[in-house]
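> Take a look at this one; I'll ask things after.
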Number of protein chains: 2
Amino acid sequence: MLTVVLVAKIKPGLEQQFEAQIARLSQLVRANEPGCKLVQWGVSETPGTYVFYERFVDRAALEAHRAAPHEKELGPLLADMFDGAPTIVRFIERD
Amino acid sequence: MLTVVLVAKIKPGLEQQFEAQIARLSQLVRANEPGCKLVQWGVSETPGTYVFYERFVDRAALEAHRAAPHEKELGPLLADMFDGAPTIVRFIERD
């Protein structure tokens, strides 16, 4: 399983808007990407910081995700709300 | 669900030892902690960097994890192999 974890601080005041859009993206991924086995987001204990993680069956599923219309639409919209560069870690699950 | 993601760089040369111990910890968590619904580790695309994540049903399950004998034994042993401070994010899953 190829997993992506993203940790991002959101610009103050945009939290509700961010939550609405990331919830929408999560639903679209679940409905349209059979190669994405888990998509989950949450709010960190660090104020204003969010975590998003996705588990893909393989690299092709990750590429399909990047090319999907919902990702192309909502990805840049979410990125515009980031307060500074997010932390993104891609990793291969071993166990 | 209360989730913890840890991203740590490991001291060069200790990768195999780290992998053996984190695999052992993962097995012990799965066998002994019903409140931990997922424990997973993997190797990042950034060389020498590992990711560990755990999903707990609630805060009590996280506290039980911290107090467990296997965590008390293996936690410090793993931490000694970290090359610098790890990134640790605790978050509440929203969706």
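Ordering of the structure tokens sets the chain letters (A, B, ...); residue numbers start at 1 within each chain; ligands are numbered from 1 in the order shown.
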Pick out each residue of chain A that DSSP on the backbone tags as helix (DSSP H, G or I); I need them as a PyMOL selection string.
chain A and resi 15-32+59-67+69-79
> If we count only C-alpha atoms and set the cut-off at 7 Å, which residues sit around Glu93 in chain B, ignoring sequence neighbours fewer than 6 positions away in its own chain? Please answer as a PyMOL selection string.
(chain A and resi 40-43) or (chain B and resi 1-2)
> Keeping only N, CA, C and O atoms, write the selected residues to a file as a CSV table (one decimal), in the first residue's frame.

```csv
chain,number,residue,atom,x,y,z
A,40,GLN,N,-8.9,9.8,4.6
A,40,GLN,CA,-9.3,10.3,5.9
A,40,GLN,C,-8.8,11.6,6.2
A,40,GLN,O,-7.6,11.9,5.8
A,41,TRP,N,-9.5,12.5,6.8
A,41,TRP,CA,-8.9,13.8,7.2
A,41,TRP,C,-9.3,14.1,8.6
A,41,TRP,O,-10.3,13.5,9.2
A,42,GLY,N,-8.5,14.9,9.3
A,42,GLY,CA,-8.8,15.2,10.7
A,42,GLY,C,-8.2,16.5,11.1
A,42,GLY,O,-7.4,17.1,10.3
A,43,VAL,N,-8.6,17.0,12.3
A,43,VAL,CA,-8.0,18.2,12.8
A,43,VAL,C,-7.0,17.9,13.9
A,43,VAL,O,-7.3,17.1,14.8
B,1,MET,N,-12.2,8.8,15.9
B,1,MET,CA,-10.9,8.1,16.0
B,1,MET,C,-9.8,9.1,16.2
B,1,MET,O,-9.7,10.1,15.6
B,2,LEU,N,-8.9,8.8,17.2
B,2,LEU,CA,-7.8,9.6,17.5
B,2,LEU,C,-6.5,9.0,16.9
B,2,LEU,O,-6.2,7.8,17.2
```
> Residues at most 12 Å from Phe91 in chain A, counting only C-alpha atoms, excluding those fewer than 3 positions away in the same chain, as a VMD selection string?
(chain A and resid 1 to 6 53 to 56 58 to 59 62 88 94 to 95) or (chain B and resid 7 40 to 53)
> Near Pro34 in chain A, counting only C-alpha atoms, which residues have an atom at most 10 Å away, once you skip same-chain residues fewer than 6 positions from it, shown as a CSV table (one decimal) with N, CA and C atoms, in the first residue's frame?

```csv
chain,number,residue,atom,x,y,z
A,56,PHE,N,-3.3,4.1,-1.2
A,56,PHE,CA,-3.5,3.6,-2.5
A,56,PHE,C,-3.0,2.2,-2.7
A,57,VAL,N,-3.6,1.4,-3.5
A,57,VAL,CA,-3.2,0.0,-3.7
A,57,VAL,C,-1.9,0.0,-4.4
A,61,ALA,N,-2.7,3.7,-9.0
A,61,ALA,CA,-3.8,4.3,-8.3
A,61,ALA,C,-3.5,5.7,-7.8
A,65,HIS,N,-5.4,9.1,-9.1
A,65,HIS,CA,-5.9,10.1,-8.2
A,65,HIS,C,-5.5,11.5,-8.6
```
> With distances taken over only C-alpha atoms, which of B:Ala85, B:Leu28, B:Ala64, B:Val39 is nearest to chain A?
B:Val39
> Rounded to one decimal place, report the CA of Cys36 in chain A-CA of Lys11 in chain A distance in Å.
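Computed distance, CA of Cys36 in chain A to CA of Lys11 in chain A, equals 28.0 Å.
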> As a PDB file with all heavy atoms, in the first residue's frame, list the residues of chain B assigned to strand (DSSP E or B) by DSSP on the backbone atoms of this structure.

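After the write, part.pdb holds the following:
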```pdb
ATOM      1  N   LEU B   2      -8.905   8.753  17.156  1.00  0.00           N
ATOM      2  CA  LEU B   2      -7.762   9.600  17.505  1.00  0.00           C
ATOM      3  C   LEU B   2      -6.520   8.958  16.884  1.00  0.00           C
ATOM      4  O   LEU B   2      -6.181   7.811  17.206  1.00  0.00           O
ATOM      5  CB  LEU B   2      -7.635   9.655  19.023  1.00  0.00           C
ATOM      6  CG  LEU B   2      -6.501  10.486  19.593  1.00  0.00           C
ATOM      7  CD1 LEU B   2      -6.628  11.949  19.178  1.00  0.00           C
ATOM      8  CD2 LEU B   2      -6.491  10.394  21.112  1.00  0.00           C
ATOM      9  N   THR B   3      -5.887   9.680  15.996  1.00  0.00           N
ATOM     10  CA  THR B   3      -4.803   9.095  15.208  1.00  0.00           C
ATOM     11  C   THR B   3      -3.480   9.787  15.494  1.00  0.00           C
ATOM     12  O   THR B   3      -3.451  10.999  15.703  1.00  0.00           O
ATOM     13  CB  THR B   3      -5.163   9.177  13.709  1.00  0.00           C
ATOM     14  OG1 THR B   3      -6.358   8.433  13.510  1.00  0.00           O
ATOM     15  CG2 THR B   3      -4.069   8.610  12.833  1.00  0.00           C
ATOM     16  N   VAL B   4      -2.427   8.998  15.541  1.00  0.00           N
ATOM     17  CA  VAL B   4      -1.089   9.544  15.762  1.00  0.00           C
ATOM     18  C   VAL B   4      -0.233   9.160  14.555  1.00  0.00           C
ATOM     19  O   VAL B   4      -0.188   7.986  14.164  1.00  0.00           O
ATOM     20  CB  VAL B   4      -0.442   8.967  17.043  1.00  0.00           C
ATOM     21  CG1 VAL B   4       0.917   9.608  17.284  1.00  0.00           C
ATOM     22  CG2 VAL B   4      -1.346   9.184  18.255  1.00  0.00           C
ATOM     23  N   VAL B   5       0.402  10.160  13.961  1.00  0.00           N
ATOM     24  CA  VAL B   5       1.340   9.912  12.860  1.00  0.00           C
ATOM     25  C   VAL B   5       2.715  10.373  13.316  1.00  0.00           C
ATOM     26  O   VAL B   5       2.863  11.488  13.818  1.00  0.00           O
ATOM     27  CB  VAL B   5       0.961  10.702  11.589  1.00  0.00           C
ATOM     28  CG1 VAL B   5       1.982  10.452  10.477  1.00  0.00           C
ATOM     29  CG2 VAL B   5      -0.418  10.324  11.107  1.00  0.00           C
ATOM     30  N   LEU B   6       3.686   9.524  13.171  1.00  0.00           N
ATOM     31  CA  LEU B   6       5.059   9.849  13.541  1.00  0.00           C
ATOM     32  C   LEU B   6       5.942   9.675  12.314  1.00  0.00           C
ATOM     33  O   LEU B   6       5.854   8.654  11.613  1.00  0.00           O
ATOM     34  CB  LEU B   6       5.501   8.915  14.668  1.00  0.00           C
ATOM     35  CG  LEU B   6       6.918   9.092  15.233  1.00  0.00           C
ATOM     36  CD1 LEU B   6       6.936   8.745  16.719  1.00  0.00           C
ATOM     37  CD2 LEU B   6       7.929   8.213  14.516  1.00  0.00           C
ATOM     38  N   VAL B   7       6.738  10.679  12.015  1.00  0.00           N
ATOM     39  CA  VAL B   7       7.691  10.609  10.899  1.00  0.00           C
ATOM     40  C   VAL B   7       9.076  10.806  11.503  1.00  0.00           C
ATOM     41  O   VAL B   7       9.329  11.830  12.159  1.00  0.00           O
ATOM     42  CB  VAL B   7       7.413  11.692   9.836  1.00  0.00           C
ATOM     43  CG1 VAL B   7       8.421  11.587   8.687  1.00  0.00           C
ATOM     44  CG2 VAL B   7       5.989  11.585   9.310  1.00  0.00           C
ATOM     45  N   ALA B   8       9.963   9.839  11.322  1.00  0.00           N
ATOM     46  CA  ALA B   8      11.280   9.906  11.966  1.00  0.00           C
ATOM     47  C   ALA B   8      12.382   9.481  11.010  1.00  0.00           C
ATOM     48  O   ALA B   8      12.236   8.508  10.261  1.00  0.00           O
ATOM     49  CB  ALA B   8      11.310   9.015  13.204  1.00  0.00           C
ATOM     50  N   LYS B   9      13.482  10.227  11.064  1.00  0.00           N
ATOM     51  CA  LYS B   9      14.682   9.822  10.349  1.00  0.00           C
ATOM     52  C   LYS B   9      15.478   8.935  11.305  1.00  0.00           C
ATOM     53  O   LYS B   9      15.537   9.211  12.504  1.00  0.00           O
ATOM     54  CB  LYS B   9      15.490  11.079   9.970  1.00  0.00           C
ATOM     55  CG  LYS B   9      16.469  10.848   8.847  1.00  0.00           C
ATOM     56  CD  LYS B   9      16.992  12.160   8.288  1.00  0.00           C
ATOM     57  CE  LYS B   9      18.135  11.981   7.312  1.00  0.00           C
ATOM     58  NZ  LYS B   9      18.555  10.637   6.952  1.00  0.00           N
ATOM     59  N   ILE B  10      16.047   7.868  10.767  1.00  0.00           N
ATOM     60  CA  ILE B  10      16.777   6.905  11.597  1.00  0.00           C
ATOM     61  C   ILE B  10      18.279   7.074  11.363  1.00  0.00           C
ATOM     62  O   ILE B  10      18.710   7.346  10.244  1.00  0.00           O
ATOM     63  CB  ILE B  10      16.314   5.469  11.248  1.00  0.00           C
ATOM     64  CG1 ILE B  10      14.800   5.340  11.473  1.00  0.00           C
ATOM     65  CG2 ILE B  10      17.076   4.414  12.043  1.00  0.00           C
ATOM     66  CD1 ILE B  10      14.315   5.739  12.840  1.00  0.00           C
ATOM     67  N   CYS B  36      -6.779  -0.102  19.776  1.00  0.00           N
ATOM     68  CA  CYS B  36      -5.992   0.404  18.649  1.00  0.00           C
ATOM     69  C   CYS B  36      -6.487  -0.296  17.392  1.00  0.00           C
ATOM     70  O   CYS B  36      -6.266  -1.494  17.202  1.00  0.00           O
ATOM     71  CB  CYS B  36      -4.500   0.146  18.863  1.00  0.00           C
ATOM     72  SG  CYS B  36      -3.498   0.833  17.520  1.00  0.00           S
ATOM     73  N   LYS B  37      -7.190   0.443  16.551  1.00  0.00           N
ATOM     74  CA  LYS B  37      -7.868  -0.159  15.407  1.00  0.00           C
ATOM     75  C   LYS B  37      -6.973  -0.342  14.189  1.00  0.00           C
ATOM     76  O   LYS B  37      -7.302  -1.113  13.294  1.00  0.00           O
ATOM     77  CB  LYS B  37      -9.091   0.685  15.020  1.00  0.00           C
ATOM     78  CG  LYS B  37     -10.218   0.561  16.026  1.00  0.00           C
ATOM     79  CD  LYS B  37     -10.670  -0.898  16.164  1.00  0.00           C
ATOM     80  CE  LYS B  37     -11.704  -1.086  17.260  1.00  0.00           C
ATOM     81  NZ  LYS B  37     -11.886  -2.505  17.613  1.00  0.00           N
ATOM     82  N   LEU B  38      -5.866   0.401  14.145  1.00  0.00           N
ATOM     83  CA  LEU B  38      -4.932   0.228  13.034  1.00  0.00           C
ATOM     84  C   LEU B  38      -3.553   0.648  13.505  1.00  0.00           C
ATOM     85  O   LEU B  38      -3.398   1.691  14.132  1.00  0.00           O
ATOM     86  CB  LEU B  38      -5.346   1.083  11.831  1.00  0.00           C
ATOM     87  CG  LEU B  38      -4.442   0.974  10.580  1.00  0.00           C
ATOM     88  CD1 LEU B  38      -4.603  -0.371   9.893  1.00  0.00           C
ATOM     89  CD2 LEU B  38      -4.773   2.093   9.581  1.00  0.00           C
ATOM     90  N   VAL B  39      -2.580  -0.189  13.239  1.00  0.00           N
ATOM     91  CA  VAL B  39      -1.194   0.189  13.476  1.00  0.00           C
ATOM     92  C   VAL B  39      -0.433  -0.210  12.218  1.00  0.00           C
ATOM     93  O   VAL B  39      -0.584  -1.322  11.704  1.00  0.00           O
ATOM     94  CB  VAL B  39      -0.610  -0.442  14.766  1.00  0.00           C
ATOM     95  CG1 VAL B  39      -0.814  -1.934  14.804  1.00  0.00           C
ATOM     96  CG2 VAL B  39       0.864  -0.104  14.928  1.00  0.00           C
ATOM     97  N   GLN B  40       0.285   0.736  11.689  1.00  0.00           N
ATOM     98  CA  GLN B  40       0.903   0.536  10.388  1.00  0.00           C
ATOM     99  C   GLN B  40       2.226   1.285  10.363  1.00  0.00           C
ATOM    100  O   GLN B  40       2.334   2.368  10.917  1.00  0.00           O
ATOM    101  CB  GLN B  40      -0.024   1.154   9.327  1.00  0.00           C
ATOM    102  CG  GLN B  40       0.030   0.498   7.995  1.00  0.00           C
ATOM    103  CD  GLN B  40      -0.818  -0.747   7.931  1.00  0.00           C
ATOM    104  OE1 GLN B  40      -1.903  -0.765   8.472  1.00  0.00           O
ATOM    105  NE2 GLN B  40      -0.312  -1.784   7.298  1.00  0.00           N
ATOM    106  N   TRP B  41       3.224   0.684   9.725  1.00  0.00           N
ATOM    107  CA  TRP B  41       4.466   1.443   9.553  1.00  0.00           C
ATOM    108  C   TRP B  41       4.947   1.246   8.133  1.00  0.00           C
ATOM    109  O   TRP B  41       4.565   0.290   7.448  1.00  0.00           O
ATOM    110  CB  TRP B  41       5.531   1.024  10.576  1.00  0.00           C
ATOM    111  CG  TRP B  41       6.074  -0.365  10.400  1.00  0.00           C
ATOM    112  CD1 TRP B  41       5.545  -1.513  10.925  1.00  0.00           C
ATOM    113  CD2 TRP B  41       7.230  -0.754   9.650  1.00  0.00           C
ATOM    114  NE1 TRP B  41       6.296  -2.585  10.547  1.00  0.00           N
ATOM    115  CE2 TRP B  41       7.340  -2.161   9.763  1.00  0.00           C
ATOM    116  CE3 TRP B  41       8.180  -0.062   8.899  1.00  0.00           C
ATOM    117  CZ2 TRP B  41       8.368  -2.882   9.141  1.00  0.00           C
ATOM    118  CZ3 TRP B  41       9.194  -0.782   8.282  1.00  0.00           C
ATOM    119  CH2 TRP B  41       9.277  -2.177   8.420  1.00  0.00           C
ATOM    120  N   GLY B  42       5.771   2.178   7.702  1.00  0.00           N
ATOM    121  CA  GLY B  42       6.259   2.091   6.340  1.00  0.00           C
ATOM    122  C   GLY B  42       7.516   2.898   6.159  1.00  0.00           C
ATOM    123  O   GLY B  42       7.933   3.635   7.060  1.00  0.00           O
ATOM    124  N   VAL B  43       8.108   2.722   4.984  1.00  0.00           N
ATOM    125  CA  VAL B  43       9.352   3.421   4.675  1.00  0.00           C
ATOM    126  C   VAL B  43       9.057   4.520   3.661  1.00  0.00           C
ATOM    127  O   VAL B  43       8.408   4.296   2.638  1.00  0.00           O
ATOM    128  CB  VAL B  43      10.445   2.409   4.224  1.00  0.00           C
ATOM    129  CG1 VAL B  43       9.980   1.573   3.046  1.00  0.00           C
ATOM    130  CG2 VAL B  43      11.749   3.117   3.920  1.00  0.00           C
ATOM    131  N   SER B  44       9.495   5.710   4.022  1.00  0.00           N
ATOM    132  CA  SER B  44       9.216   6.893   3.199  1.00  0.00           C
ATOM    133  C   SER B  44      10.031   6.883   1.922  1.00  0.00           C
ATOM    134  O   SER B  44      11.053   6.197   1.814  1.00  0.00           O
ATOM    135  CB  SER B  44       9.557   8.136   4.019  1.00  0.00           C
ATOM    136  OG  SER B  44       9.650   9.261   3.191  1.00  0.00           O
ATOM    137  N   THR B  49      13.966   7.467   6.201  1.00  0.00           N
ATOM    138  CA  THR B  49      12.852   8.037   6.958  1.00  0.00           C
ATOM    139  C   THR B  49      11.690   7.045   7.018  1.00  0.00           C
ATOM    140  O   THR B  49      11.353   6.427   6.007  1.00  0.00           O
ATOM    141  CB  THR B  49      12.398   9.366   6.315  1.00  0.00           C
ATOM    142  OG1 THR B  49      13.518  10.254   6.297  1.00  0.00           O
ATOM    143  CG2 THR B  49      11.260  10.007   7.084  1.00  0.00           C
ATOM    144  N   TYR B  50      11.113   6.923   8.200  1.00  0.00           N
ATOM    145  CA  TYR B  50      10.033   5.972   8.427  1.00  0.00           C
ATOM    146  C   TYR B  50       8.784   6.690   8.924  1.00  0.00           C
ATOM    147  O   TYR B  50       8.867   7.765   9.518  1.00  0.00           O
ATOM    148  CB  TYR B  50      10.465   4.921   9.458  1.00  0.00           C
ATOM    149  CG  TYR B  50      11.508   3.993   8.906  1.00  0.00           C
ATOM    150  CD1 TYR B  50      12.853   4.353   8.911  1.00  0.00           C
ATOM    151  CD2 TYR B  50      11.156   2.770   8.341  1.00  0.00           C
ATOM    152  CE1 TYR B  50      13.827   3.522   8.374  1.00  0.00           C
ATOM    153  CE2 TYR B  50      12.118   1.931   7.812  1.00  0.00           C
ATOM    154  CZ  TYR B  50      13.443   2.297   7.823  1.00  0.00           C
ATOM    155  OH  TYR B  50      14.383   1.471   7.285  1.00  0.00           O
ATOM    156  N   VAL B  51       7.649   6.067   8.655  1.00  0.00           N
ATOM    157  CA  VAL B  51       6.373   6.594   9.115  1.00  0.00           C
ATOM    158  C   VAL B  51       5.685   5.506   9.927  1.00  0.00           C
ATOM    159  O   VAL B  51       5.757   4.321   9.591  1.00  0.00           O
ATOM    160  CB  VAL B  51       5.467   6.989   7.916  1.00  0.00           C
ATOM    161  CG1 VAL B  51       4.128   7.512   8.405  1.00  0.00           C
ATOM    162  CG2 VAL B  51       6.161   8.032   7.048  1.00  0.00           C
ATOM    163  N   PHE B  52       5.056   5.939  11.007  1.00  0.00           N
ATOM    164  CA  PHE B  52       4.344   5.006  11.886  1.00  0.00           C
ATOM    165  C   PHE B  52       3.007   5.657  12.185  1.00  0.00           C
ATOM    166  O   PHE B  52       2.962   6.835  12.545  1.00  0.00           O
ATOM    167  CB  PHE B  52       5.179   4.846  13.168  1.00  0.00           C
ATOM    168  CG  PHE B  52       4.728   3.755  14.100  1.00  0.00           C
ATOM    169  CD1 PHE B  52       4.558   2.450  13.648  1.00  0.00           C
ATOM    170  CD2 PHE B  52       4.508   4.025  15.438  1.00  0.00           C
ATOM    171  CE1 PHE B  52       4.170   1.437  14.517  1.00  0.00           C
ATOM    172  CE2 PHE B  52       4.114   3.022  16.316  1.00  0.00           C
ATOM    173  CZ  PHE B  52       3.954   1.724  15.847  1.00  0.00           C
ATOM    174  N   TYR B  53       1.906   4.942  11.984  1.00  0.00           N
ATOM    175  CA  TYR B  53       0.656   5.559  12.406  1.00  0.00           C
ATOM    176  C   TYR B  53      -0.283   4.569  13.063  1.00  0.00           C
ATOM    177  O   TYR B  53      -0.273   3.384  12.769  1.00  0.00           O
ATOM    178  CB  TYR B  53      -0.017   6.391  11.313  1.00  0.00           C
ATOM    179  CG  TYR B  53      -0.609   5.701  10.126  1.00  0.00           C
ATOM    180  CD1 TYR B  53      -1.964   5.386  10.107  1.00  0.00           C
ATOM    181  CD2 TYR B  53       0.137   5.444   8.997  1.00  0.00           C
ATOM    182  CE1 TYR B  53      -2.541   4.804   8.980  1.00  0.00           C
ATOM    183  CE2 TYR B  53      -0.425   4.873   7.887  1.00  0.00           C
ATOM    184  CZ  TYR B  53      -1.764   4.549   7.884  1.00  0.00           C
ATOM    185  OH  TYR B  53      -2.332   3.991   6.782  1.00  0.00           O
ATOM    186  N   GLU B  54      -1.018   5.127  14.000  1.00  0.00           N
ATOM    187  CA  GLU B  54      -1.887   4.320  14.844  1.00  0.00           C
ATOM    188  C   GLU B  54      -3.217   5.031  15.008  1.00  0.00           C
ATOM    189  O   GLU B  54      -3.244   6.232  15.250  1.00  0.00           O
ATOM    190  CB  GLU B  54      -1.256   4.158  16.232  1.00  0.00           C
ATOM    191  CG  GLU B  54       0.118   3.514  16.204  1.00  0.00           C
ATOM    192  CD  GLU B  54       0.879   3.709  17.508  1.00  0.00           C
ATOM    193  OE1 GLU B  54       1.110   4.886  17.894  1.00  0.00           O
ATOM    194  OE2 GLU B  54       1.230   2.703  18.129  1.00  0.00           O
ATOM    195  N   ARG B  55      -4.298   4.262  14.895  1.00  0.00           N
ATOM    196  CA  ARG B  55      -5.645   4.826  15.077  1.00  0.00           C
ATOM    197  C   ARG B  55      -6.258   4.212  16.334  1.00  0.00           C
ATOM    198  O   ARG B  55      -6.411   2.982  16.414  1.00  0.00           O
ATOM    199  CB  ARG B  55      -6.523   4.500  13.874  1.00  0.00           C
ATOM    200  CG  ARG B  55      -5.960   5.030  12.555  1.00  0.00           C
ATOM    201  CD  ARG B  55      -6.771   4.535  11.365  1.00  0.00           C
ATOM    202  NE  ARG B  55      -8.003   5.272  11.215  1.00  0.00           N
ATOM    203  CZ  ARG B  55      -9.013   4.889  10.436  1.00  0.00           C
ATOM    204  NH1 ARG B  55      -8.941   3.743   9.760  1.00  0.00           N
ATOM    205  NH2 ARG B  55     -10.104   5.619  10.345  1.00  0.00           N
ATOM    206  N   PHE B  56      -6.630   5.086  17.272  1.00  0.00           N
ATOM    207  CA  PHE B  56      -7.215   4.643  18.537  1.00  0.00           C
ATOM    208  C   PHE B  56      -8.688   5.026  18.600  1.00  0.00           C
ATOM    209  O   PHE B  56      -9.072   6.097  18.125  1.00  0.00           O
ATOM    210  CB  PHE B  56      -6.479   5.294  19.712  1.00  0.00           C
ATOM    211  CG  PHE B  56      -5.021   4.935  19.770  1.00  0.00           C
ATOM    212  CD1 PHE B  56      -4.064   5.758  19.194  1.00  0.00           C
ATOM    213  CD2 PHE B  56      -4.611   3.755  20.375  1.00  0.00           C
ATOM    214  CE1 PHE B  56      -2.713   5.418  19.224  1.00  0.00           C
ATOM    215  CE2 PHE B  56      -3.263   3.409  20.410  1.00  0.00           C
ATOM    216  CZ  PHE B  56      -2.315   4.238  19.834  1.00  0.00           C
ATOM    217  N   PHE B  82      16.328   7.368  16.575  1.00  0.00           N
ATOM    218  CA  PHE B  82      15.936   8.547  15.792  1.00  0.00           C
ATOM    219  C   PHE B  82      17.147   9.442  15.565  1.00  0.00           C
ATOM    220  O   PHE B  82      17.932   9.684  16.471  1.00  0.00           O
ATOM    221  CB  PHE B  82      14.864   9.377  16.519  1.00  0.00           C
ATOM    222  CG  PHE B  82      13.530   8.697  16.682  1.00  0.00           C
ATOM    223  CD1 PHE B  82      12.595   9.194  17.579  1.00  0.00           C
ATOM    224  CD2 PHE B  82      13.192   7.573  15.946  1.00  0.00           C
ATOM    225  CE1 PHE B  82      11.353   8.592  17.740  1.00  0.00           C
ATOM    226  CE2 PHE B  82      11.948   6.948  16.105  1.00  0.00           C
ATOM    227  CZ  PHE B  82      11.035   7.462  17.005  1.00  0.00           C
ATOM    228  N   THR B  87       8.808  14.111  13.749  1.00  0.00           N
ATOM    229  CA  THR B  87       7.571  14.894  13.628  1.00  0.00           C
ATOM    230  C   THR B  87       6.443  14.008  14.135  1.00  0.00           C
ATOM    231  O   THR B  87       6.281  12.884  13.657  1.00  0.00           O
ATOM    232  CB  THR B  87       7.310  15.263  12.153  1.00  0.00           C
ATOM    233  OG1 THR B  87       8.405  16.062  11.699  1.00  0.00           O
ATOM    234  CG2 THR B  87       6.008  16.024  11.981  1.00  0.00           C
ATOM    235  N   ILE B  88       5.702  14.497  15.105  1.00  0.00           N
ATOM    236  CA  ILE B  88       4.585  13.722  15.649  1.00  0.00           C
ATOM    237  C   ILE B  88       3.332  14.584  15.568  1.00  0.00           C
ATOM    238  O   ILE B  88       3.331  15.719  16.032  1.00  0.00           O
ATOM    239  CB  ILE B  88       4.832  13.316  17.123  1.00  0.00           C
ATOM    240  CG1 ILE B  88       6.112  12.478  17.233  1.00  0.00           C
ATOM    241  CG2 ILE B  88       3.642  12.540  17.679  1.00  0.00           C
ATOM    242  CD1 ILE B  88       6.537  12.166  18.662  1.00  0.00           C
ATOM    243  N   VAL B  89       2.298  14.060  14.943  1.00  0.00           N
ATOM    244  CA  VAL B  89       1.031  14.791  14.844  1.00  0.00           C
ATOM    245  C   VAL B  89      -0.080  13.900  15.394  1.00  0.00           C
ATOM    246  O   VAL B  89      -0.216  12.747  14.989  1.00  0.00           O
ATOM    247  CB  VAL B  89       0.697  15.177  13.380  1.00  0.00           C
ATOM    248  CG1 VAL B  89      -0.595  15.979  13.319  1.00  0.00           C
ATOM    249  CG2 VAL B  89       1.829  15.977  12.766  1.00  0.00           C
ATOM    250  N   ARG B  90      -0.812  14.447  16.350  1.00  0.00           N
ATOM    251  CA  ARG B  90      -2.004  13.760  16.884  1.00  0.00           C
ATOM    252  C   ARG B  90      -3.211  14.489  16.328  1.00  0.00           C
ATOM    253  O   ARG B  90      -3.257  15.726  16.368  1.00  0.00           O
ATOM    254  CB  ARG B  90      -2.037  13.860  18.415  1.00  0.00           C
ATOM    255  CG  ARG B  90      -1.281  12.780  19.147  1.00  0.00           C
ATOM    256  CD  ARG B  90      -1.320  13.036  20.645  1.00  0.00           C
ATOM    257  NE  ARG B  90      -0.560  14.233  20.938  1.00  0.00           N
ATOM    258  CZ  ARG B  90       0.776  14.252  21.121  1.00  0.00           C
ATOM    259  NH1 ARG B  90       1.463  13.145  21.074  1.00  0.00           N
ATOM    260  NH2 ARG B  90       1.390  15.396  21.359  1.00  0.00           N
ATOM    261  N   PHE B  91      -4.185  13.745  15.829  1.00  0.00           N
ATOM    262  CA  PHE B  91      -5.357  14.429  15.299  1.00  0.00           C
ATOM    263  C   PHE B  91      -6.620  13.604  15.482  1.00  0.00           C
ATOM    264  O   PHE B  91      -6.575  12.383  15.637  1.00  0.00           O
ATOM    265  CB  PHE B  91      -5.166  14.827  13.833  1.00  0.00           C
ATOM    266  CG  PHE B  91      -4.990  13.682  12.870  1.00  0.00           C
ATOM    267  CD1 PHE B  91      -6.066  13.268  12.083  1.00  0.00           C
ATOM    268  CD2 PHE B  91      -3.785  13.029  12.732  1.00  0.00           C
ATOM    269  CE1 PHE B  91      -5.919  12.226  11.172  1.00  0.00           C
ATOM    270  CE2 PHE B  91      -3.630  11.987  11.830  1.00  0.00           C
ATOM    271  CZ  PHE B  91      -4.701  11.585  11.056  1.00  0.00           C
ATOM    272  N   ILE B  92      -7.739  14.341  15.513  1.00  0.00           N
ATOM    273  CA  ILE B  92      -9.058  13.727  15.632  1.00  0.00           C
ATOM    274  C   ILE B  92      -9.603  13.579  14.225  1.00  0.00           C
ATOM    275  O   ILE B  92      -9.713  14.563  13.492  1.00  0.00           O
ATOM    276  CB  ILE B  92     -10.021  14.636  16.437  1.00  0.00           C
ATOM    277  CG1 ILE B  92      -9.393  15.040  17.789  1.00  0.00           C
ATOM    278  CG2 ILE B  92     -11.377  13.968  16.611  1.00  0.00           C
ATOM    279  CD1 ILE B  92      -9.299  13.956  18.792  1.00  0.00           C
ATOM    280  N   GLU B  93      -9.961  12.358  13.854  1.00  0.00           N
ATOM    281  CA  GLU B  93     -10.520  12.164  12.518  1.00  0.00           C
ATOM    282  C   GLU B  93     -11.915  12.764  12.454  1.00  0.00           C
ATOM    283  O   GLU B  93     -12.729  12.574  13.356  1.00  0.00           O
ATOM    284  CB  GLU B  93     -10.553  10.674  12.172  1.00  0.00           C
ATOM    285  CG  GLU B  93      -9.144  10.152  11.900  1.00  0.00           C
ATOM    286  CD  GLU B  93      -9.127   8.677  11.538  1.00  0.00           C
ATOM    287  OE1 GLU B  93     -10.178   8.135  11.177  1.00  0.00           O
ATOM    288  OE2 GLU B  93      -8.053   8.082  11.629  1.00  0.00           O
TER     289      GLU B  93
END
```
> Tell me which of A:Ala60, A:Arg30, A:Gly75, A:Leu14 sits closest to chain B, counting only C-alpha atoms.
A:Arg30
> Using only C-alpha atoms, find the one residue out of B:Gly84, B:Gly35, B:Pro76, B:Pro69 that sits nearest to Pro12 in chain B.
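The shortest atom-to-atom distance to Pro12 in chain B comes from B:Gly84.
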